[in-house]
Structure formats: C-alpha cells, structure tokens
Amino acid sequence: MKNEWPLWEVFIRGQHGMSHRHVGSLHAPDAEMAIKNARDVYTRRNEGVSIWVVEARHIAASSPSDKGPLYEPSESKVYRHPTFFDIPEEVGAM
Amino acid sequence: MSQNDALFEFLCRIGDNTLVLGHRVSEWCGHSPVLEEDIALANTALDLIGQTQLWLGLAGEVEGKGRDADRLAFHRDAWDFRNVLLVEVPNGDFGRTLMRQFLFDAWHSLYLGRLLKSSDKRVAEIAEKASKEVAYHLERSADTVVALGDGTEESHARMADALAYLWPYVGEMFEGDAVDAAMAEAGIAPDPSGLREEYDALVGRVLAEATLEMPEARFAHKGGRDGRMHTEHLGHILTQMQWLQRAYPDASW
C-alpha cells in the first residue's frame with residue numbers, strides 16, 4: 001500500500017493579479033483537502049482571492065533535453081517583439 | 001451577582017475556552033504528522049489566541065479594574081479559569097485532537113451564530129470576526145473526522161476511541177446557570193441548553209458520514225465553566241503557558 005498522499009501543484013490568483021500563478025506544491029489526499037491545505041499553507045498572509053489545484057501527475061511538461069530545438073530558434077527573432085510600435089497610454093498593461 | 005459581574009463571567013468563559021484550546025492546539029506545532037496539517041493546526045491555534053485577545057480584552061474592560069487580556073491570561077490561577085473541561089484535556093493522538101476540535105468547533109459555531117445577534121454591540125462585533133474563522137475550523141475538523149473515521153481500520157478504531165473518551169466532556173458546553181440566565185435575559189448571549197438539539201443534529205450528521213456511532217449517554221463531567229473543579233490537566237497547561245510571566249512578572253518585549 002502506498003502511504004504517501006499525492007502531490008498537488010497550487011495556483012493562486014493574487015489580490016491584484018490578473019491570472020493564477022504557480023506558488024508551490026503540497027500533499028493532500030484529495031482535491032478538496034488540497035484546496036484547504038493550500039489555503040492554510042499559501043494564503044496565510046492574505047495573498048489570494050482564488051485557488052486552483054491540480055494533481056502534479058496531470059501536468060505534462062516539456063523535456064529539459066529538448067531545450068535546443070524548442071527555444072533556441074526564437075532567440076534570433078527580435079522582430080517578434082512588438083517594440084517597434086508606439087503603444088498609446090490608454091491601452092494599459094499588455 | 002450584578003449584571004456587570006455576570007457579563008465579566010460570561011466573557012471569561014468564552015475567552016478562556018479559546019485561550020486554553022488555542023494553547024492545546026499550539027502544542028502540535030512542529031509535531032503534526034504532515035507539514036500541511038502542522039501549518040493548518042498552527043493557523044487554528046493562532047485564530048483562537050486572536051479571539052482570546054478580543055474576548056479577554058473586553059472582559060478586562062467590563063471588569064474595570066485595569067486588567068487587560070494579558071493580565072487575565074497570565075496572572076490568574078487555575079481556579080479562576082472558566083473554560084469547559086473539554087478544551088483542557090490532553091491532545092492524545094492526532095485523531096483525538098481533531099475529534100476534540102470538531103466537537104468544540106460545532107458548539108463554537110452555533111454559539112457564535114447566536115452571538116451575532118447579541119444586544120451588546122461589542123460582543124456582536126467580536127462574534128462577527130470570530131465566526132468566519134470558526135466556520136473554516138469546523139469545515140476542516142469535520143472533514144478530517146470523516147476522513148479518519150471512514151478511513152483505514154486503524155484510523156477508524158482511533159477515532160472511535162477518541163469519541164468515547166471525549167463524549168462525556170460534551171455535555172458541559174450545554175449547561176446553563178445563573179450567569180447564562182442573566183445573559184439570556186439581557187439578550188447578550190443565548191442559554192446554551194437551547195443549542196443542544198441543533199448540535200446533536202450537526203454532530204450526528206458528520207459522525208454518520210464518518211461511520212462512527214454517536215454515543216447516547218448523557219453523563220457529563222462538569223466544573224470547568226463555573227470554575228468549581230478543573231481537571232488536573234489545567235494546572236500543567238498553566239505552568240507552561242504562564243511560565244515567563246511568573247518568572248519575570250510584567251516582562252515585555
């Protein structure tokens with residue numbers, strides 16, 4: 001029998017943040033307890049207004065060894081950064 | 001007993017409940033079975049100590065003899081404490097700690113719910129703040145009671161033992177006396193005996209889900225909330241909790 005609770009990744013939407021951000025991980029027997037634990041571990045200092053948890057095994061991740069083919073091709077493509085445009089103030093944060 | 005004395009007594013009862021339970025729960029700090037539960041229990045303990053500051057702070061104000069919350073917490077001896085016996089019994093194993101938490105939280109949430117409508121605005125305001133914290137305590141302890149009760153053979157047996165050990169301490173929370181009568185008449189706080197039916201329904205629901213049998217016995221250990229006779233455990237708590245103030249009176253930092 002496996003005694004260890006599964007690992008959950010925790011995402012929290014901050015008071016002023018626009019999207020949920022990964023803040024860390026924890027162990028819990030199920031999703032409901034994972035949210036409660038996240039509340040106790042990661043929002044003690046009033047950090048959040050919303051919590052997402054996802055079991056770590058459900059996250060598909062890119063492989064570190066694929067770094068070259070995955071990311072290097074974009075290193076030399078400065079024209080993909082929209083820094084050549086004047087953006088009106090009213091647009092706000094992009 | 002004057003109305004003011006009764007109000008002071010009532011505030012000490014509720015403040016001593018949260019003080020002593022807060023101290024008990026804090027004893028788990030660094031010792032819980034898993035990190036997540038350790039932090040959760042510490043949060044609960046801190047909530048309770050925070051509530052104590054408000055209740056005993058108000059008690060000192062009502063008493064009018066210049067005692068503040070710290071003075072009441074650290075400079076009284078066992079016979080002056082007015083907490084129910086349930087909160088001073090030793091933690092036992094993790095299951096018993098959580099069972100005690102649940103049995104107290106269920107009463108606490110119902111009681112605070114009534115205090116929200118207190119005719120004394122100061123009482124209602126403290127209840128307003130505390131009831132949000134306690135709603136979470138109850139959700140968490142009830143979940144844990146269900147998880148452990150309806151868990152493995154061992155966890156079920158431990159929770160059944162915990163319930164059998166703690167049940168005789170439940171009745172005291174519903175004992176009413178002259179203080180309660182005075183508070184009820186003034187609309188400040190309910191007569192606790194009126195909460196028993198709702199409590200049994202709530203606790204019965206959770207215990208059923210936890211596959212635990214709710215005891216029918218009504219025998220109750222008493223003597224905490226009226227200070228007549230605490231268990232031998234309270235003195236031991238106080239030697240730890242009050243040590244610094246006793247060794248270095250009025251030390252501050």
# chains A, B, ... in the order shown; residues from 1 in each chain; ligands from 1
$ interface_residues --of "chain A" --to "chain B" --cutoff "7 Å" --atoms "only C-alpha atoms" --output "PDB file with N, CA and C atoms, in the first residue's frame"
ATOM      1  N   ASN A  37      -5.641  22.768   2.257  1.00  0.00           N
ATOM      2  CA  ASN A  37      -4.229  22.876   2.641  1.00  0.00           C
ATOM      3  C   ASN A  37      -3.572  24.081   1.981  1.00  0.00           C
ATOM      4  N   ASP A  40      -4.328  27.089   3.812  1.00  0.00           N
ATOM      5  CA  ASP A  40      -3.567  27.229   5.056  1.00  0.00           C
ATOM      6  C   ASP A  40      -2.078  27.473   4.830  1.00  0.00           C
ATOM      7  N   VAL A  41      -1.544  26.875   3.770  1.00  0.00           N
ATOM      8  CA  VAL A  41      -0.101  26.988   3.555  1.00  0.00           C
ATOM      9  C   VAL A  41       0.258  28.239   2.765  1.00  0.00           C
TER      10      VAL A  41
END
$ residues_around --residues "range 13-26 of chain A" --least-positions-apart "3" --cutoff "8 Å" --atoms "only C-alpha atoms" --output "ChimeraX atom specification"
/A:7-10,34,37-38,42,47-52 /B:36
$ closest_residue --among "B:Leu58, B:Arg158, B:Asn91, B:Gly151" --to "Pro29 in chain A" --atoms "only C-alpha atoms"
B:Gly151
$ residues_around --residues "Leu138 in chain B" --least-positions-apart "3" --cutoff "10 Å" --atoms "only C-alpha atoms" --output "MDAnalysis selection string"
chainID B and resid 101:109 133:135 141:144
$ write_last_selection --atoms "C-alpha atoms" --output "PDB file, in the first residue's frame"
ATOM      1  CA  GLN B 101     -11.576  20.194  17.729  1.00  0.00           C
ATOM      2  CA  PHE B 102     -14.660  19.073  15.834  1.00  0.00           C
ATOM      3  CA  LEU B 103     -16.786  18.621  18.974  1.00  0.00           C
ATOM      4  CA  PHE B 104     -15.776  22.104  20.109  1.00  0.00           C
ATOM      5  CA  ASP B 105     -15.995  23.769  16.678  1.00  0.00           C
ATOM      6  CA  ALA B 106     -19.556  22.515  16.210  1.00  0.00           C
ATOM      7  CA  TRP B 107     -20.614  24.093  19.511  1.00  0.00           C
ATOM      8  CA  HIS B 108     -18.498  27.196  18.918  1.00  0.00           C
ATOM      9  CA  SER B 109     -20.001  27.903  15.507  1.00  0.00           C
ATOM     10  CA  GLU B 133     -12.638  31.850  11.314  1.00  0.00           C
ATOM     11  CA  VAL B 134     -14.639  29.242  13.160  1.00  0.00           C
ATOM     12  CA  ALA B 135     -16.708  28.353  10.084  1.00  0.00           C
ATOM     13  CA  SER B 141     -12.160  19.432  11.506  1.00  0.00           C
ATOM     14  CA  ALA B 142     -15.390  17.856  10.219  1.00  0.00           C
ATOM     15  CA  ASP B 143     -13.634  16.804   7.002  1.00  0.00           C
ATOM     16  CA  THR B 144     -10.796  15.270   8.967  1.00  0.00           C
TER      17      THR B 144
END
$ residues_around --residues "Arg205 in chain B" --least-positions-apart "4" --cutoff "12 Å" --atoms "only C-alpha atoms" --output "PyMOL selection string"
chain B and resi 106+142-143+145-146+198-201+209-214
$ write_last_selection --atoms "N, CA and C atoms" --output "short mmCIF file (atom, residue, chain, number, x, y, z; two decimals), in the first residue's frame"
data_model
loop_
_atom_site.label_atom_id
_atom_site.label_comp_id
_atom_site.auth_asym_id
_atom_site.auth_seq_id
_atom_site.Cartn_x
_atom_site.Cartn_y
_atom_site.Cartn_z
N ALA B 106 -18.12 22.60 16.49
CA ALA B 106 -19.56 22.52 16.21
C ALA B 106 -20.33 23.37 17.21
N ALA B 142 -14.36 18.82 10.62
CA ALA B 142 -15.39 17.86 10.22
C ALA B 142 -14.87 16.97 9.09
N ASP B 143 -14.21 17.58 8.11
CA ASP B 143 -13.63 16.80 7.00
C ASP B 143 -12.64 15.76 7.50
N VAL B 145 -12.45 14.46 10.55
CA VAL B 145 -13.16 13.42 11.29
C VAL B 145 -13.75 12.39 10.33
N VAL B 146 -14.33 12.87 9.25
CA VAL B 146 -14.91 11.95 8.26
C VAL B 146 -13.80 11.13 7.59
N GLU B 198 -29.75 21.32 17.98
CA GLU B 198 -29.08 21.67 16.73
C GLU B 198 -27.68 21.03 16.68
N TYR B 199 -27.03 21.04 17.83
CA TYR B 199 -25.68 20.46 17.94
C TYR B 199 -25.72 18.96 17.64
N ASP B 200 -26.66 18.28 18.27
CA ASP B 200 -26.74 16.84 18.06
C ASP B 200 -27.01 16.51 16.60
N ALA B 201 -27.83 17.34 15.95
CA ALA B 201 -28.14 17.10 14.54
C ALA B 201 -26.88 17.27 13.70
N GLU B 209 -21.46 10.18 8.64
CA GLU B 209 -20.64 10.14 7.43
C GLU B 209 -19.27 9.53 7.74
N ALA B 210 -18.84 9.70 8.99
CA ALA B 210 -17.54 9.16 9.40
C ALA B 210 -17.66 7.70 9.84
N THR B 211 -18.84 7.12 9.66
CA THR B 211 -19.14 5.73 10.08
C THR B 211 -18.87 5.51 11.56
N LEU B 212 -19.08 6.58 12.36
CA LEU B 212 -18.90 6.46 13.80
C LEU B 212 -20.27 6.56 14.47
N GLU B 213 -20.43 5.82 15.53
CA GLU B 213 -21.72 5.83 16.21
C GLU B 213 -21.76 6.93 17.26
N MET B 214 -22.78 7.76 17.18
CA MET B 214 -22.91 8.83 18.16
C MET B 214 -23.37 8.24 19.49
#
$ atom_distance --atom1 "CA of Glu63 in chain B" --atom2 "CA of Leu19 in chain B"
18.4 Å
$ atom_distance --atom1 "CA of Glu88 in chain B" --atom2 "CA of Thr239 in chain B"
13.2 Å
$ atom_distance --atom1 "CA of Gly95 in chain B" --atom2 "CA of Glu27 in chain B"
14.5 Å
$ residues_around --residues "Glu197 in chain B" --least-positions-apart "6" --cutoff "12 Å" --atoms "only C-alpha atoms" --output "list in words"
Ala106, Trp107, Leu110, Gly171, Phe174, Val203 and Gly204 of chain B
$ write_last_selection --atoms "C-alpha atoms" --output "compact mmCIF listing (two decimals), in the first residue's frame"
# COMPACT_ATOMS: atom_id res chain seq x y z
CA ALA B 106 -19.56 22.52 16.21
CA TRP B 107 -20.61 24.09 19.51
CA LEU B 110 -23.58 27.55 16.79
CA GLY B 171 -22.46 17.95 27.98
CA PHE B 174 -24.78 22.98 27.25
CA VAL B 203 -22.59 16.28 15.02
CA GLY B 204 -24.78 13.29 14.23
$ select_by_dssp --residues "chain A" --states "helix (DSSP H, G or I)" --output "PDB file with N, CA and C atoms, in the first residue's frame"
ATOM      1  N   ALA A  31      -8.695  16.453  -3.862  1.00  0.00           N
ATOM      2  CA  ALA A  31      -8.691  17.837  -4.352  1.00  0.00           C
ATOM      3  C   ALA A  31      -9.238  18.813  -3.307  1.00  0.00           C
ATOM      4  N   GLU A  32     -10.288  18.385  -2.637  1.00  0.00           N
ATOM      5  CA  GLU A  32     -10.910  19.267  -1.655  1.00  0.00           C
ATOM      6  C   GLU A  32      -9.934  19.620  -0.527  1.00  0.00           C
ATOM      7  N   MET A  33      -9.243  18.567  -0.026  1.00  0.00           N
ATOM      8  CA  MET A  33      -8.268  18.829   1.037  1.00  0.00           C
ATOM      9  C   MET A  33      -7.077  19.610   0.498  1.00  0.00           C
ATOM     10  N   ALA A  34      -6.755  19.399  -0.773  1.00  0.00           N
ATOM     11  CA  ALA A  34      -5.635  20.142  -1.361  1.00  0.00           C
ATOM     12  C   ALA A  34      -5.943  21.639  -1.342  1.00  0.00           C
ATOM     13  N   ILE A  35      -7.195  21.986  -1.639  1.00  0.00           N
ATOM     14  CA  ILE A  35      -7.573  23.403  -1.618  1.00  0.00           C
ATOM     15  C   ILE A  35      -7.506  23.940  -0.194  1.00  0.00           C
ATOM     16  N   LYS A  36      -7.983  23.148   0.758  1.00  0.00           N
ATOM     17  CA  LYS A  36      -7.924  23.591   2.158  1.00  0.00           C
ATOM     18  C   LYS A  36      -6.466  23.759   2.601  1.00  0.00           C
ATOM     19  N   ASN A  37      -5.641  22.768   2.257  1.00  0.00           N
ATOM     20  CA  ASN A  37      -4.229  22.876   2.641  1.00  0.00           C
ATOM     21  C   ASN A  37      -3.572  24.081   1.981  1.00  0.00           C
ATOM     22  N   ALA A  38      -3.942  24.318   0.722  1.00  0.00           N
ATOM     23  CA  ALA A  38      -3.367  25.465   0.014  1.00  0.00           C
ATOM     24  C   ALA A  38      -3.772  26.757   0.702  1.00  0.00           C
ATOM     25  N   ARG A  39      -5.009  26.792   1.149  1.00  0.00           N
ATOM     26  CA  ARG A  39      -5.492  27.973   1.879  1.00  0.00           C
ATOM     27  C   ARG A  39      -4.627  28.192   3.123  1.00  0.00           C
ATOM     28  N   ASP A  40      -4.328  27.089   3.812  1.00  0.00           N
ATOM     29  CA  ASP A  40      -3.567  27.229   5.056  1.00  0.00           C
ATOM     30  C   ASP A  40      -2.078  27.473   4.830  1.00  0.00           C
ATOM     31  N   VAL A  41      -1.544  26.875   3.770  1.00  0.00           N
ATOM     32  CA  VAL A  41      -0.101  26.988   3.555  1.00  0.00           C
ATOM     33  C   VAL A  41       0.258  28.239   2.765  1.00  0.00           C
ATOM     34  N   TYR A  42      -0.573  28.593   1.779  1.00  0.00           N
ATOM     35  CA  TYR A  42      -0.152  29.653   0.851  1.00  0.00           C
ATOM     36  C   TYR A  42      -0.960  30.958   0.907  1.00  0.00           C
ATOM     37  N   ALA A  56      -0.161  16.870  -9.550  1.00  0.00           N
ATOM     38  CA  ALA A  56       1.079  17.085 -10.312  1.00  0.00           C
ATOM     39  C   ALA A  56       1.209  16.108 -11.482  1.00  0.00           C
ATOM     40  N   ARG A  57       0.693  14.884 -11.311  1.00  0.00           N
ATOM     41  CA  ARG A  57       0.873  13.899 -12.388  1.00  0.00           C
ATOM     42  C   ARG A  57       0.074  14.258 -13.636  1.00  0.00           C
ATOM     43  N   HIS A  58      -0.869  15.178 -13.513  1.00  0.00           N
ATOM     44  CA  HIS A  58      -1.662  15.573 -14.681  1.00  0.00           C
ATOM     45  C   HIS A  58      -1.000  16.681 -15.487  1.00  0.00           C
ATOM     46  N   PRO A  64      13.611  18.923 -20.491  1.00  0.00           N
ATOM     47  CA  PRO A  64      14.759  19.834 -20.451  1.00  0.00           C
ATOM     48  C   PRO A  64      15.769  19.535 -21.567  1.00  0.00           C
ATOM     49  N   SER A  65      15.845  18.278 -21.991  1.00  0.00           N
ATOM     50  CA  SER A  65      16.843  17.945 -23.000  1.00  0.00           C
ATOM     51  C   SER A  65      16.446  18.458 -24.393  1.00  0.00           C
ATOM     52  N   ASP A  66      15.191  18.864 -24.536  1.00  0.00           N
ATOM     53  CA  ASP A  66      14.744  19.405 -25.825  1.00  0.00           C
ATOM     54  C   ASP A  66      14.958  20.905 -25.930  1.00  0.00           C
ATOM     55  N   LYS A  67      15.658  21.464 -24.948  1.00  0.00           N
ATOM     56  CA  LYS A  67      15.813  22.912 -24.859  1.00  0.00           C
ATOM     57  C   LYS A  67      16.277  23.528 -26.177  1.00  0.00           C
ATOM     58  N   GLY A  68      17.277  22.918 -26.787  1.00  0.00           N
ATOM     59  CA  GLY A  68      17.833  23.462 -28.024  1.00  0.00           C
ATOM     60  C   GLY A  68      16.775  23.647 -29.096  1.00  0.00           C
ATOM     61  N   PRO A  69      16.215  22.535 -29.567  1.00  0.00           N
ATOM     62  CA  PRO A  69      15.228  22.655 -30.631  1.00  0.00           C
ATOM     63  C   PRO A  69      13.995  23.466 -30.239  1.00  0.00           C
ATOM     64  N   LEU A  70      13.617  23.429 -28.978  1.00  0.00           N
ATOM     65  CA  LEU A  70      12.375  24.109 -28.594  1.00  0.00           C
ATOM     66  C   LEU A  70      12.531  25.617 -28.523  1.00  0.00           C
ATOM     67  N   TYR A  71      13.628  26.079 -27.914  1.00  0.00           N
ATOM     68  CA  TYR A  71      13.694  27.510 -27.592  1.00  0.00           C
ATOM     69  C   TYR A  71      14.732  28.307 -28.365  1.00  0.00           C
ATOM     70  N   GLU A  72      15.825  27.647 -28.754  1.00  0.00           N
ATOM     71  CA  GLU A  72      16.876  28.427 -29.396  1.00  0.00           C
ATOM     72  C   GLU A  72      16.449  29.102 -30.688  1.00  0.00           C
ATOM     73  N   PRO A  73      15.610  28.463 -31.500  1.00  0.00           N
ATOM     74  CA  PRO A  73      15.220  29.124 -32.759  1.00  0.00           C
ATOM     75  C   PRO A  73      14.605  30.504 -32.557  1.00  0.00           C
ATOM     76  N   SER A  74      14.014  30.760 -31.405  1.00  0.00           N
ATOM     77  CA  SER A  74      13.360  32.062 -31.235  1.00  0.00           C
ATOM     78  C   SER A  74      14.313  33.125 -30.706  1.00  0.00           C
ATOM     79  N   VAL A  78      14.253  39.006 -33.200  1.00  0.00           N
ATOM     80  CA  VAL A  78      13.884  40.224 -32.481  1.00  0.00           C
ATOM     81  C   VAL A  78      12.613  40.844 -33.016  1.00  0.00           C
ATOM     82  N   TYR A  79      12.347  40.620 -34.312  1.00  0.00           N
ATOM     83  CA  TYR A  79      11.168  41.262 -34.916  1.00  0.00           C
ATOM     84  C   TYR A  79       9.868  40.727 -34.348  1.00  0.00           C
ATOM     85  N   ARG A  80       9.957  39.683 -33.530  1.00  0.00           N
ATOM     86  CA  ARG A  80       8.733  39.165 -32.896  1.00  0.00           C
ATOM     87  C   ARG A  80       8.368  39.948 -31.632  1.00  0.00           C
ATOM     88  N   GLU A  89      -0.907  55.221 -24.419  1.00  0.00           N
ATOM     89  CA  GLU A  89      -1.019  55.072 -22.964  1.00  0.00           C
ATOM     90  C   GLU A  89      -2.288  54.329 -22.547  1.00  0.00           C
ATOM     91  N   GLU A  90      -3.400  54.692 -23.225  1.00  0.00           N
ATOM     92  CA  GLU A  90      -4.707  54.193 -22.794  1.00  0.00           C
ATOM     93  C   GLU A  90      -4.812  52.670 -22.853  1.00  0.00           C
ATOM     94  N   VAL A  91      -3.952  52.066 -23.619  1.00  0.00           N
ATOM     95  CA  VAL A  91      -4.022  50.616 -23.767  1.00  0.00           C
ATOM     96  C   VAL A  91      -3.723  49.913 -22.435  1.00  0.00           C
TER      97      VAL A  91
END
$ residues_around --residues "Leu148 in chain B" --least-positions-apart "6" --cutoff "7 Å" --atoms "only C-alpha atoms" --output "list in words"
Ser155, His156 and Met159 of chain B
$ residues_around --residues "Ala162 in chain B" --least-positions-apart "4" --cutoff "9 Å" --atoms "only C-alpha atoms" --output "PyMOL selection string"
chain B and resi 92-93+95-97+99-100+157-158+166-167
